[in-house]
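Participant: Contents of work.csv (CSV, C-alpha atoms):
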chain,number,residue,atom,x,y,z
A,10,MET,CA,33.0,-46.5,14.9
A,11,THR,CA,33.4,-46.5,18.7
A,12,ASP,CA,32.3,-43.6,20.8
A,13,ALA,CA,34.9,-41.5,22.7
A,14,VAL,CA,33.5,-41.2,26.2
A,15,ILE,CA,34.3,-39.2,29.3
A,16,VAL,CA,34.7,-41.5,32.3
A,17,ASP,CA,35.7,-38.7,34.7
A,18,VAL,CA,36.9,-35.1,34.7
A,19,ALA,CA,38.4,-33.2,37.7
A,20,ARG,CA,40.2,-30.0,38.5
A,21,THR,CA,42.0,-28.1,41.3
A,22,ALA,CA,40.2,-25.2,42.8
A,23,SER,CA,41.5,-21.9,41.4
A,24,GLY,CA,44.3,-20.0,43.1
A,25,LYS,CA,45.0,-16.3,42.5
A,26,GLY,CA,47.8,-16.2,40.0
A,27,LYS,CA,50.2,-13.9,42.0
A,28,PRO,CA,52.7,-14.3,44.8
A,29,GLY,CA,50.8,-15.3,47.9
A,30,GLY,CA,48.0,-17.1,46.0
A,31,ALA,CA,46.7,-20.3,47.4
A,32,LEU,CA,48.6,-22.4,44.9
A,33,ALA,CA,51.6,-20.2,44.2
A,34,GLY,CA,53.8,-22.3,46.4
A,35,LEU,CA,53.4,-25.4,44.3
A,36,HIS,CA,55.4,-26.3,41.2
A,37,PRO,CA,52.9,-26.5,38.2
A,38,ALA,CA,53.9,-30.1,37.5
A,39,GLU,CA,52.9,-31.0,41.0
A,40,LEU,CA,49.5,-29.3,40.5
A,41,LEU,CA,48.9,-31.4,37.5
A,42,ALA,CA,50.3,-34.6,39.1
A,43,THR,CA,47.9,-34.3,41.9
A,44,VAL,CA,44.9,-34.3,39.6
A,45,LEU,CA,46.3,-37.1,37.5
A,46,ARG,CA,46.8,-39.3,40.5
A,47,GLU,CA,43.3,-38.6,41.8
A,48,LEU,CA,41.7,-39.3,38.4
A,49,LEU,CA,43.2,-42.8,38.4
A,50,ASP,CA,42.8,-43.5,42.1
A,51,ARG,CA,39.0,-42.8,41.9
A,52,HIS,CA,38.6,-45.7,39.5
A,53,GLU,CA,41.4,-48.0,40.7
A,54,LEU,CA,42.8,-47.8,37.1
A,55,ASP,CA,46.2,-49.2,36.3
A,56,PRO,CA,48.2,-46.2,34.9
A,57,ALA,CA,50.0,-48.6,32.5
A,58,LEU,CA,46.7,-48.7,30.5
A,59,VAL,CA,47.0,-45.1,29.6
A,60,ASP,CA,48.1,-44.8,25.9
A,61,ASP,CA,49.0,-41.1,26.1
A,62,VAL,CA,48.6,-37.9,28.1
A,63,ILE,CA,47.9,-34.8,26.1
A,64,THR,CA,48.5,-31.6,28.1
A,65,GLY,CA,47.5,-28.0,27.4
A,66,CYS,CA,49.9,-25.3,28.6
A,67,VAL,CA,50.3,-21.8,27.1
A,68,SER,CA,53.5,-20.4,28.8
A,69,GLN,CA,55.9,-23.2,28.1
A,70,SER,CA,58.9,-21.7,29.7
A,71,GLY,CA,60.6,-21.9,33.1
A,72,GLU,CA,59.0,-24.5,35.3
A,73,GLN,CA,56.5,-25.2,32.5
A,74,ALA,CA,59.1,-25.9,29.8
A,75,LEU,CA,60.3,-29.2,28.3
A,76,ASN,CA,56.9,-31.0,28.0
A,77,ILE,CA,55.3,-30.4,31.4
A,78,GLY,CA,52.8,-33.2,30.7
A,79,ARG,CA,55.6,-35.8,30.8
A,80,THR,CA,57.1,-34.2,33.9
A,81,ALA,CA,53.7,-34.3,35.6
A,82,LEU,CA,52.9,-37.9,34.8
A,83,LEU,CA,56.3,-39.1,36.1
A,84,ALA,CA,55.8,-37.0,39.2
A,85,ALA,CA,52.4,-38.6,39.6
A,86,GLY,CA,54.1,-42.1,39.7
A,87,PHE,CA,52.9,-43.3,36.2
A,88,PRO,CA,55.1,-46.0,34.6
A,89,GLU,CA,57.9,-44.7,32.4
A,90,SER,CA,56.2,-46.4,29.5
A,91,VAL,CA,53.4,-43.8,29.5
A,92,PRO,CA,54.1,-41.0,27.0
A,93,ALA,CA,52.9,-37.4,27.0
A,94,THR,CA,52.9,-34.3,24.8
A,95,THR,CA,52.1,-30.7,25.5
A,96,VAL,CA,50.1,-28.5,23.1
A,97,ASP,CA,49.5,-24.8,22.8
A,98,ARG,CA,46.4,-23.4,21.2
A,99,GLN,CA,46.5,-20.4,23.5
A,100,CYS,CA,43.5,-20.2,25.8
A,101,GLY,CA,42.0,-23.2,24.1
A,102,SER,CA,44.9,-25.5,24.8
A,103,GLY,CA,43.1,-27.7,27.3
A,104,GLN,CA,40.0,-28.0,25.1
A,105,GLN,CA,42.3,-28.8,22.1
A,106,ALA,CA,43.9,-31.5,24.3
A,107,ALA,CA,40.5,-33.0,24.8
A,108,HIS,CA,39.8,-32.9,21.0
A,109,PHE,CA,43.0,-34.6,20.2
A,110,ALA,CA,42.4,-37.3,22.9
A,111,ALA,CA,38.9,-38.0,21.8
A,112,GLN,CA,39.8,-37.9,18.1
A,113,GLY,CA,42.6,-40.4,18.8
A,114,VAL,CA,40.0,-42.7,20.3
A,115,LEU,CA,37.6,-42.3,17.4
A,116,ALA,CA,40.5,-43.1,15.0
A,117,GLY,CA,41.4,-46.2,16.9
A,118,ALA,CA,44.8,-44.9,18.0
A,119,TYR,CA,43.9,-44.9,21.7
A,120,ASP,CA,41.8,-47.0,24.0
A,121,VAL,CA,42.6,-45.0,27.2
A,122,VAL,CA,43.9,-41.4,27.1
A,123,ILE,CA,44.1,-38.5,29.5
A,124,ALA,CA,43.5,-34.9,28.3
A,125,CYS,CA,44.6,-32.3,30.8
A,126,GLY,CA,46.0,-28.8,31.3
A,127,VAL,CA,47.9,-26.7,33.7
A,128,GLU,CA,49.0,-23.1,34.2
A,129,SER,CA,50.7,-21.5,37.1
A,130,MET,CA,50.4,-17.8,36.3
A,131,SER,CA,52.0,-16.9,39.6
A,132,ARG,CA,55.2,-18.8,38.9
A,133,VAL,CA,55.3,-18.5,35.1
A,134,PRO,CA,53.9,-15.1,34.2
A,135,MET,CA,51.9,-14.6,31.0
A,136,PHE,CA,54.1,-13.7,28.0
A,137,SER,CA,57.2,-15.0,29.7
A,138,SER,CA,57.8,-17.5,26.9
A,139,ALA,CA,58.4,-14.6,24.5
A,140,GLN,CA,61.5,-13.6,26.6
A,141,GLY,CA,61.1,-9.9,25.6
A,142,LYS,CA,61.0,-10.6,21.9
A,143,ASP,CA,58.2,-9.9,19.4
A,144,PRO,CA,56.9,-13.2,18.1
A,145,HIS,CA,54.7,-11.4,15.6
A,146,ALA,CA,57.4,-9.4,13.9
A,147,PRO,CA,57.1,-11.5,10.7
A,148,LEU,CA,53.5,-10.4,10.4
A,149,ALA,CA,54.3,-6.7,10.0
A,150,ARG,CA,53.9,-6.8,6.3
A,151,ARG,CA,50.5,-8.5,6.4
A,152,TYR,CA,49.3,-6.4,9.3
A,153,PRO,CA,51.1,-3.0,8.9
A,154,ASN,CA,49.0,-1.3,11.6
A,155,GLY,CA,50.0,-4.0,14.1
A,156,LEU,CA,48.1,-6.4,16.3
A,157,VAL,CA,46.9,-5.8,19.8
A,158,GLN,CA,46.7,-7.8,23.0
A,159,GLN,CA,43.5,-9.6,23.9
A,160,GLY,CA,42.2,-6.9,26.3
A,161,VAL,CA,42.2,-4.3,23.5
A,162,SER,CA,40.5,-6.9,21.3
A,163,ALA,CA,37.8,-7.2,24.0
A,164,GLU,CA,37.4,-3.4,23.8
A,165,LEU,CA,36.9,-3.6,20.0
A,166,VAL,CA,34.3,-6.3,20.5
A,167,ALA,CA,32.4,-4.2,23.0
A,168,ALA,CA,32.5,-1.2,20.6
A,169,ARG,CA,31.4,-3.2,17.6
A,170,TRP,CA,28.5,-4.9,19.4
A,171,LYS,CA,27.7,-1.7,21.4
A,172,LEU,CA,28.0,-3.3,24.8
A,173,SER,CA,27.9,-0.7,27.6
A,174,ARG,CA,30.1,-0.6,30.7
A,175,GLY,CA,27.0,-1.4,32.7
A,176,GLU,CA,26.2,-4.5,30.7
A,177,LEU,CA,29.8,-5.8,31.2
A,178,ASP,CA,29.8,-5.1,34.9
A,179,GLU,CA,26.3,-6.7,35.3
A,180,PHE,CA,27.5,-9.9,33.6
A,181,ALA,CA,30.6,-10.0,35.7
A,182,THR,CA,28.5,-9.7,38.8
A,183,ARG,CA,26.3,-12.5,37.6
A,184,SER,CA,29.3,-14.7,37.1
A,185,HIS,CA,30.4,-14.3,40.8
A,186,ARG,CA,26.8,-14.7,42.0
A,187,CYS,CA,26.3,-18.0,40.1
A,188,ALA,CA,29.6,-19.4,41.1
A,189,ALA,CA,29.1,-18.5,44.8
A,190,ALA,CA,25.6,-20.1,44.8
A,191,THR,CA,26.9,-23.3,43.1
A,192,ALA,CA,29.8,-23.5,45.6
A,193,ALA,CA,27.4,-23.0,48.6
A,194,ALA,CA,25.2,-25.8,47.3
A,195,GLY,CA,28.1,-28.2,46.9
A,196,GLY,CA,27.9,-28.1,43.1
A,197,PHE,CA,31.7,-28.0,42.6
A,198,ASP,CA,32.5,-30.6,45.3
A,199,GLY,CA,32.6,-33.5,42.8
A,200,GLU,CA,35.0,-31.9,40.4
A,201,ILE,CA,37.5,-30.2,42.8
A,202,VAL,CA,40.6,-32.2,43.8
A,203,PRO,CA,42.2,-31.0,47.1
A,204,VAL,CA,45.7,-29.8,46.5
A,205,GLY,CA,47.9,-28.4,49.2
A,206,GLY,CA,44.8,-28.3,51.4
A,207,HIS,CA,43.1,-25.9,49.0
A,208,THR,CA,39.5,-26.8,48.0
A,209,VAL,CA,37.7,-23.5,47.4
A,210,ASP,CA,38.0,-21.3,44.3
A,211,GLU,CA,40.0,-18.4,45.6
A,212,THR,CA,38.9,-16.1,42.7
A,213,VAL,CA,35.2,-16.1,43.5
A,214,ARG,CA,34.0,-12.9,45.2
A,215,PRO,CA,30.5,-13.4,46.5
A,216,SER,CA,30.2,-9.7,47.6
A,217,THR,CA,30.8,-8.4,44.0
A,218,THR,CA,28.3,-5.7,43.0
A,219,VAL,CA,27.7,-3.6,39.9
A,220,GLU,CA,28.3,-0.5,42.0
A,221,GLY,CA,31.6,-1.8,43.3
A,222,LEU,CA,32.8,-2.7,39.8
A,223,ALA,CA,31.9,0.7,38.5
A,224,ASP,CA,34.7,2.3,40.5
A,225,LEU,CA,37.4,0.3,38.6
A,226,SER,CA,39.4,2.0,35.9
A,227,PRO,CA,39.8,0.6,32.4
A,228,ALA,CA,42.8,-1.8,32.2
A,229,PHE,CA,44.0,-1.2,28.6
A,230,ALA,CA,43.5,2.5,27.8
A,231,ASP,CA,47.1,3.3,26.8
A,232,PRO,CA,47.2,6.8,25.3
A,233,SER,CA,48.6,5.6,22.0
A,234,LEU,CA,45.7,3.1,21.7
A,235,VAL,CA,43.2,5.7,22.6
A,236,ARG,CA,44.3,7.7,19.6
A,237,ARG,CA,44.4,4.7,17.4
A,238,PHE,CA,40.9,3.4,18.3
A,239,PRO,CA,38.7,6.5,18.8
A,240,GLU,CA,35.6,4.2,18.5
A,241,ILE,CA,36.4,2.5,21.8
A,242,ASN,CA,34.7,3.7,25.0
A,243,TRP,CA,37.3,1.8,27.2
A,244,SER,CA,35.0,-0.3,29.4
A,245,VAL,CA,37.1,-3.4,30.1
A,246,THR,CA,38.4,-3.5,33.6
A,247,PRO,CA,40.0,-6.0,36.0
A,248,GLY,CA,36.4,-6.6,37.3
A,249,ASN,CA,34.8,-7.7,34.1
A,250,SER,CA,37.8,-9.7,32.9
A,251,SER,CA,39.1,-13.1,34.0
A,252,PRO,CA,41.8,-12.9,36.7
A,253,LEU,CA,45.3,-14.3,36.5
A,254,THR,CA,44.9,-17.9,37.9
A,255,ASP,CA,46.8,-21.0,38.9
A,256,GLY,CA,45.2,-24.4,38.3
A,257,ALA,CA,45.2,-27.8,36.7
A,258,ALA,CA,42.5,-30.1,35.3
A,259,ALA,CA,42.3,-33.6,33.7
A,260,ALA,CA,39.8,-35.7,31.9
A,261,LEU,CA,39.9,-39.5,31.6
A,262,ILE,CA,38.7,-40.4,28.1
A,263,MET,CA,38.2,-43.9,26.7
A,264,SER,CA,36.6,-45.9,23.9
A,265,ALA,CA,33.1,-46.9,25.0
A,266,GLU,CA,34.1,-50.6,24.6
A,267,ARG,CA,37.2,-50.2,26.9
A,268,ALA,CA,35.2,-48.4,29.5
A,269,ASP,CA,32.6,-51.2,29.4
A,270,ARG,CA,35.2,-53.9,29.7
A,271,LEU,CA,36.8,-52.1,32.7
A,272,GLY,CA,33.4,-51.8,34.4
A,273,LEU,CA,33.5,-48.0,34.2
A,274,ARG,CA,30.5,-45.8,33.6
A,275,ALA,CA,30.7,-43.3,30.7
A,276,ARG,CA,29.4,-40.0,32.1
A,277,ALA,CA,29.3,-38.4,28.6
A,278,ARG,CA,30.4,-38.9,25.0
A,279,PHE,CA,32.0,-36.5,22.6
A,280,HIS,CA,29.4,-35.7,20.0
A,281,SER,CA,31.0,-33.1,17.7
A,282,PHE,CA,34.1,-30.9,17.3
A,283,ALA,CA,35.1,-27.7,15.5
A,284,VAL,CA,38.1,-25.5,15.4
A,285,VAL,CA,38.4,-22.3,13.3
A,286,GLY,CA,40.7,-19.3,12.6
A,287,SER,CA,39.5,-15.8,12.8
A,288,ASP,CA,40.6,-12.2,12.5
A,289,PRO,CA,43.8,-11.8,14.7
A,290,LEU,CA,42.9,-8.2,15.5
A,291,LEU,CA,39.3,-9.1,16.6
A,292,MET,CA,40.8,-12.3,17.9
A,293,LEU,CA,37.9,-13.0,20.4
A,294,THR,CA,35.2,-13.4,17.7
A,295,GLY,CA,36.2,-16.9,16.6
A,296,VAL,CA,33.6,-18.4,19.0
A,297,LEU,CA,30.9,-17.3,16.6
A,298,PRO,CA,32.0,-19.3,13.5
A,299,ALA,CA,33.2,-22.1,15.8
A,300,THR,CA,29.7,-22.4,17.2
A,301,GLU,CA,28.1,-22.3,13.8
A,302,LYS,CA,30.5,-25.0,12.5
A,303,VAL,CA,30.0,-27.4,15.5
A,304,LEU,CA,26.2,-27.1,15.4
A,305,ALA,CA,26.2,-27.8,11.7
A,306,ARG,CA,28.4,-30.8,12.1
A,307,ALA,CA,26.2,-32.1,15.0
A,308,ARG,CA,23.0,-31.4,13.0
A,309,LEU,CA,21.6,-29.6,16.0
A,310,SER,CA,20.3,-26.2,16.7
A,311,LEU,CA,21.1,-24.0,19.7
A,312,ASP,CA,17.6,-24.8,21.0
A,313,ASP,CA,18.7,-28.4,21.3
A,314,ILE,CA,21.6,-27.5,23.7
A,315,ASP,CA,20.8,-27.6,27.4
A,316,ALA,CA,23.7,-25.6,28.6
A,317,TYR,CA,26.5,-23.6,27.0
A,318,GLU,CA,29.9,-22.7,28.4
A,319,VAL,CA,31.4,-19.7,26.6
A,320,ASN,CA,34.7,-18.9,28.2
A,321,GLU,CA,34.6,-15.6,30.1
A,322,ALA,CA,38.1,-14.3,29.1
A,323,PHE,CA,36.4,-10.9,29.1
A,324,ALA,CA,32.7,-10.1,29.5
A,325,PRO,CA,32.3,-8.8,26.0
A,326,VAL,CA,32.9,-12.3,24.6
A,327,PRO,CA,29.9,-14.2,26.1
A,328,LEU,CA,27.7,-11.1,25.7
A,329,MET,CA,28.6,-10.9,22.0
A,330,TRP,CA,28.0,-14.6,21.6
A,331,ARG,CA,24.6,-14.4,23.4
A,332,ARG,CA,23.5,-11.5,21.3
A,333,GLU,CA,24.5,-13.1,18.0
A,334,PHE,CA,22.8,-16.4,18.6
A,335,GLY,CA,19.8,-15.0,20.6
A,336,ALA,CA,20.8,-17.5,23.3
A,337,ASP,CA,18.9,-18.2,26.5
A,338,PRO,CA,20.7,-16.2,29.2
A,339,ALA,CA,19.8,-18.8,31.8
A,340,ARG,CA,21.7,-21.6,29.9
A,341,LEU,CA,24.8,-19.5,29.4
A,342,ASN,CA,27.5,-20.3,32.0
A,343,PRO,CA,24.9,-21.2,34.6
A,344,ARG,CA,27.5,-22.0,37.3
A,345,GLY,CA,29.5,-18.8,36.6
A,346,GLY,CA,32.5,-18.5,34.4
A,347,ALA,CA,36.1,-17.5,34.2
A,348,ILE,CA,35.5,-14.0,35.6
A,349,ALA,CA,34.6,-15.7,38.9
A,350,LEU,CA,36.2,-19.2,38.6
A,351,GLY,CA,39.5,-18.0,37.1
A,352,HIS,CA,41.3,-18.7,33.8
A,353,PRO,CA,44.4,-20.8,34.3
A,354,LEU,CA,45.1,-20.7,30.6
A,355,GLY,CA,46.2,-24.2,29.7
A,356,ALA,CA,43.7,-25.8,32.0
A,357,SER,CA,40.6,-23.8,31.3
A,358,GLY,CA,39.2,-26.0,28.5
A,359,ILE,CA,39.1,-29.0,30.8
A,360,ARG,CA,37.7,-26.9,33.7
A,361,LEU,CA,34.8,-25.8,31.4
A,362,LEU,CA,34.3,-29.5,30.5
A,363,ALA,CA,34.2,-30.5,34.2
A,364,THR,CA,31.7,-27.8,35.1
A,365,LEU,CA,29.5,-28.6,32.0
A,366,VAL,CA,29.4,-32.4,32.7
A,367,ASN,CA,28.5,-31.8,36.3
A,368,HIS,CA,25.8,-29.2,35.5
A,369,LEU,CA,24.2,-31.5,32.9
A,370,GLU,CA,24.1,-34.4,35.3
A,371,ALA,CA,22.6,-32.3,38.0
A,372,THR,CA,19.9,-30.8,35.8
A,373,GLY,CA,19.1,-33.8,33.6
A,374,GLY,CA,20.4,-32.2,30.5
A,375,ARG,CA,21.4,-34.1,27.4
A,376,TYR,CA,23.6,-31.8,25.2
A,377,GLY,CA,26.2,-29.3,26.3
A,378,LEU,CA,28.3,-27.0,24.2
A,379,GLN,CA,31.5,-25.2,25.1
A,380,THR,CA,33.5,-22.8,23.1
A,381,MET,CA,36.7,-20.9,23.8
A,382,CYS,CA,38.2,-17.8,22.2
A,383,GLU,CA,42.0,-18.0,21.6
A,384,GLY,CA,45.0,-15.7,21.1
A,385,GLY,CA,46.0,-15.1,17.5
A,386,GLY,CA,42.4,-15.4,16.3
A,387,MET,CA,41.1,-18.9,16.8
A,388,ALA,CA,38.4,-20.8,18.6
A,389,ASN,CA,37.5,-24.4,19.6
A,390,ALA,CA,33.9,-25.6,20.0
A,391,THR,CA,32.8,-29.0,21.5
A,392,ILE,CA,29.4,-30.6,21.9
A,393,ILE,CA,29.0,-33.4,24.5
A,394,GLU,CA,26.1,-35.7,25.0
A,395,LEU,CA,25.0,-37.4,28.2
A,396,PRO,CA,23.3,-40.8,28.3
Would it be possible to restate this file's structure as structure tokens?
Facilitator:
Amino acid sequence: MTDAVIVDVARTASGKGKPGGALAGLHPAELLATVLRELLDRHELDPALVDDVITGCVSQSGEQALNIGRTALLAAGFPESVPATTVDRQCGSGQQAAHFAAQGVLAGAYDVVIACGVESMSRVPMFSSAQGKDPHAPLARRYPNGLVQQGVSAELVAARWKLSRGELDEFATRSHRCAAATAAAGGFDGEIVPVGGHTVDETVRPSTTVEGLADLSPAFADPSLVRRFPEINWSVTPGNSSPLTDGAAAALIMSAERADRLGLRARARFHSFAVVGSDPLLMLTGVLPATEKVLARARLSLDDIDAYEVNEAFAPVPLMWRREFGADPARLNPRGGAIALGHPLGASGIRLLATLVNHLEATGGRYGLQTMCEGGGMANATIIELP
């Protein structure tokens, strides 16, 4: 069986996902097209060689409707012969796109494939694809007490794992501190593609302090929910959550043989994959069984992993994960995470991959693990290996 390898992975810098954000003036398909073009131009690769483009996108409505992956590749000037599809596994859509792409290579269905993702949360607001309807209405019989949005699930996680407001705010401060230090040292330069003249992650706030975050009010403490969940201390705020973000990212994935024939260096290979379902009320806990599953498949322990990227949708998620696995804090999101770098939903899985590959290369690491909690109670986990 051939290896599925990562030849390159790149992303836009993050833009604040609101009117006036650095990327808000750009159509989401153009955001993604810019990264697609750059990915091929870097390696002088004929786009006609691409067997498929698999795109993660969560809010598939408005400008992101009708298979935005296909729109973006045509806007990027790819031949009409190159197909694309768009997938939705909520926050893990980009990571799932990478799984599908690599698994296609391993199955012999692809030689060259691009996994990518995009989300313009300024132009296509979160939940807009529901169009005011309740997509979960058919679940009322199975879950008579109702489900909740992810922010409330984060509060339930904080309550169950007894995570204090101070712990959440300290972790958020660390995210900004690590991201700012990496940016200042040029650590993101190789992964960021300029788009619209924008080259700096707009969501990073180097001046963030625990004291400043302590002044923020809880974001999800609706009176009816306060009555429903008396165990919650209501500690999740905009400061210890990922911000609304615009962005795109893409990974060039090949069989090891094709990369060798094309004279391209494989920066990493996909080692193991896992995807799980979990409690849709505690929907953010899927990263725990996903991590256990991918480590078992890889026949590795967490001690073997040199760096782990656990998506910072909300601070309770990586803190819960760290506590459950007794993980080394220094290896967890060492360049900062989504609290600082942003969370453009469909693109985040590829963004984590870009940051992980670059960090392992810079530090001489061998194995990297990334995992992503997902709406509806799911999670993906991936282990990559560097040469």
Participant: Residues within 12 Å of A:Leu253, please, as a list in words. Count only C-alpha atoms; anything in the same chain fewer than 6 positions from it doesn't count.
Facilitator: Ser23, Gly24, Lys25, Gly26, Lys27, Pro28, Gly30, Ala33, Glu128, Ser129, Met130, Ser131, Arg132, Val133, Pro134, Met135, Glu211, Thr212, Pro247, Ala322, Ala347, Ile348, Ala349, Leu350, Gly351, His352, Pro353, Leu354 and Ser357 of chain A
Participant: Under the rule that all atoms listed in the file are counted, which of A:Cys66, A:Leu32, A:Met292, A:Leu273 is the nearest residue to A:Val209?
Facilitator: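 The shortest atom-to-atom distance to A:Val209 comes from A:Leu32.
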Participant: Quick one: pull the distance between atom CA of A:Leu41 and atom CA of A:Gly78, Å, one decimal.
Facilitator: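 Distance between the two atoms: 8.0 Å.
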Participant: Figure out the distance between atom CA of A:Gln159 and atom CA of A:Arg174, please, to one decimal in Å.
Facilitator: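 One can read the atom CA of A:Arg174 to atom CA of A:Gln159 distance as 17.5 Å.
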Participant: Please, what distance in Å, to one decimal, runs between atom CA of A:Thr246 and atom CA of A:Leu328?
Facilitator: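 Distance between the two atoms: 15.3 Å.
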Participant: Considering all atoms listed in the file, state which residue in the set A:Val366, A:Ala85, A:Leu58, A:Leu378 is at the smallest distance from A:Val44.
Facilitator: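 Result for the nearest residue to A:Val44: A:Ala85.
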Participant: Could you check the closest approach to A:Leu115 for each of A:Thr11, A:Ser233, A:Ser281, A:Thr380 and tell me which residue wins, using only C-alpha atoms?
Facilitator: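 The answer is A:Thr11, which sits nearest to A:Leu115.
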Participant: When you count all atoms listed in the file, which of these residues is closest to A:Pro327: A:Ser102, A:Ser184, A:Thr391, A:Ser264?
Facilitator: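 Between A:Ser102, A:Ser184, A:Thr391, A:Ser264, the residue approaching A:Pro327 most closely is A:Ser184.
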Participant: With only C-alpha atoms as the atoms that count, which of A:Ile123, A:Leu82, A:Leu361, A:Ala371 lies nearest to A:Gly345?
Facilitator: A:Leu361
Participant: Kindly extract all protein, DNA and RNA residues lying within 12 Å of the coordinates (46.4, 2.6, 21.5) given in the file, considering all atoms listed in the file, and supply them as a PyMOL selection string.
Facilitator: chain A and resi 154-158+160-162+164-165+229-241+243
Participant: Which residue is closest to A:Leu341? Choose from A:Leu172, A:Ala283, A:Val319, A:Val326 and count all atoms listed in the file.
Facilitator: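 The answer is A:Val319, which sits nearest to A:Leu341.
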Participant: When you look at A:Thr294 with a cut-off of 8 Å (counting all atoms listed in the file), what residues show up, excluding the ones that are within fewer than 3 positions of it in the same chain? I need them as an MDAnalysis selection string.
Facilitator: chainID A and resid 166 287:288 291 297:298 326 382 386
Participant: How would the residues just chosen look if you wrote them out with C-alpha atoms as a PDB file, in the frame of the given file?
Facilitator:
ATOM      1  CA  VAL A 166      34.300  -6.300  20.500  1.00  0.00           C
ATOM      2  CA  SER A 287      39.500 -15.800  12.800  1.00  0.00           C
ATOM      3  CA  ASP A 288      40.600 -12.200  12.500  1.00  0.00           C
ATOM      4  CA  LEU A 291      39.300  -9.100  16.600  1.00  0.00           C
ATOM      5  CA  LEU A 297      30.900 -17.300  16.600  1.00  0.00           C
ATOM      6  CA  PRO A 298      32.000 -19.300  13.500  1.00  0.00           C
ATOM      7  CA  VAL A 326      32.900 -12.300  24.600  1.00  0.00           C
ATOM      8  CA  CYS A 382      38.200 -17.800  22.200  1.00  0.00           C
ATOM      9  CA  GLY A 386      42.400 -15.400  16.300  1.00  0.00           C
TER      10      GLY A 386
END
Participant: For A:Glu394, list every protein, DNA or RNA residue within 10 Å, evaluated using all atoms listed in the file, and leave out those in the same chain fewer than 6 positions away; present the list as a ChimeraX atom specification.
Facilitator: /A:14-15,276-281,314-315,366,369,374-378
Participant: Using only C-alpha atoms, which protein or nucleic acid residues come within 12 Å of A:Ala259? Drop anything in the same chain fewer than 6 positions from it, and give the result as a compact mmCIF listing (two decimals) with C-alpha atoms, in the frame of the given file.
Facilitator:
# COMPACT_ATOMS: atom_id res chain seq x y z
CA ILE A 15 34.30 -39.20 29.30
CA VAL A 16 34.70 -41.50 32.30
CA ASP A 17 35.70 -38.70 34.70
CA VAL A 18 36.90 -35.10 34.70
CA ALA A 19 38.40 -33.20 37.70
CA ARG A 20 40.20 -30.00 38.50
CA THR A 21 42.00 -28.10 41.30
CA LEU A 40 49.50 -29.30 40.50
CA LEU A 41 48.90 -31.40 37.50
CA ALA A 42 50.30 -34.60 39.10
CA THR A 43 47.90 -34.30 41.90
CA VAL A 44 44.90 -34.30 39.60
CA LEU A 45 46.30 -37.10 37.50
CA ARG A 46 46.80 -39.30 40.50
CA GLU A 47 43.30 -38.60 41.80
CA LEU A 48 41.70 -39.30 38.40
CA LEU A 49 43.20 -42.80 38.40
CA VAL A 62 48.60 -37.90 28.10
CA ILE A 63 47.90 -34.80 26.10
CA THR A 64 48.50 -31.60 28.10
CA GLY A 65 47.50 -28.00 27.40
CA GLY A 78 52.80 -33.20 30.70
CA ALA A 81 53.70 -34.30 35.60
CA LEU A 82 52.90 -37.90 34.80
CA GLY A 103 43.10 -27.70 27.30
CA GLN A 104 40.00 -28.00 25.10
CA ALA A 106 43.90 -31.50 24.30
CA ALA A 107 40.50 -33.00 24.80
CA ALA A 110 42.40 -37.30 22.90
CA VAL A 122 43.90 -41.40 27.10
CA ILE A 123 44.10 -38.50 29.50
CA ALA A 124 43.50 -34.90 28.30
CA CYS A 125 44.60 -32.30 30.80
CA GLY A 126 46.00 -28.80 31.30
CA VAL A 127 47.90 -26.70 33.70
CA GLU A 200 35.00 -31.90 40.40
CA ILE A 201 37.50 -30.20 42.80
CA VAL A 202 40.60 -32.20 43.80
CA GLY A 355 46.20 -24.20 29.70
CA ALA A 356 43.70 -25.80 32.00
CA SER A 357 40.60 -23.80 31.30
CA GLY A 358 39.20 -26.00 28.50
CA ILE A 359 39.10 -29.00 30.80
CA ARG A 360 37.70 -26.90 33.70
CA LEU A 361 34.80 -25.80 31.40
CA LEU A 362 34.30 -29.50 30.50
CA ALA A 363 34.20 -30.50 34.20
Participant: What would stretch 20-26 of chain A look like with N, CA and C atoms restored, written as a PDB file, in the coordinates of the input?
Facilitator:
ATOM      1  N   ARG A  20      39.395 -31.195  38.568  1.00  0.00           N
ATOM      2  CA  ARG A  20      40.200 -30.000  38.500  1.00  0.00           C
ATOM      3  C   ARG A  20      40.665 -29.616  39.928  1.00  0.00           C
ATOM      4  N   THR A  21      41.674 -28.800  40.007  1.00  0.00           N
ATOM      5  CA  THR A  21      42.000 -28.100  41.300  1.00  0.00           C
ATOM      6  C   THR A  21      41.026 -26.966  41.424  1.00  0.00           C
ATOM      7  N   ALA A  22      40.881 -26.487  42.643  1.00  0.00           N
ATOM      8  CA  ALA A  22      40.200 -25.200  42.800  1.00  0.00           C
ATOM      9  C   ALA A  22      41.174 -24.119  42.272  1.00  0.00           C
ATOM     10  N   SER A  23      40.633 -22.981  41.928  1.00  0.00           N
ATOM     11  CA  SER A  23      41.500 -21.900  41.400  1.00  0.00           C
ATOM     12  C   SER A  23      42.266 -21.236  42.517  1.00  0.00           C
ATOM     13  N   GLY A  24      43.460 -20.805  42.157  1.00  0.00           N
ATOM     14  CA  GLY A  24      44.300 -20.000  43.100  1.00  0.00           C
ATOM     15  C   GLY A  24      44.618 -18.693  42.375  1.00  0.00           C
ATOM     16  N   LYS A  25      44.681 -17.623  43.115  1.00  0.00           N
ATOM     17  CA  LYS A  25      45.000 -16.300  42.500  1.00  0.00           C
ATOM     18  C   LYS A  25      46.449 -16.433  41.939  1.00  0.00           C
ATOM     19  N   GLY A  26      46.585 -16.005  40.697  1.00  0.00           N
ATOM     20  CA  GLY A  26      47.800 -16.200  40.000  1.00  0.00           C
ATOM     21  C   GLY A  26      48.842 -15.069  40.279  1.00  0.00           C
TER      22      GLY A  26
END
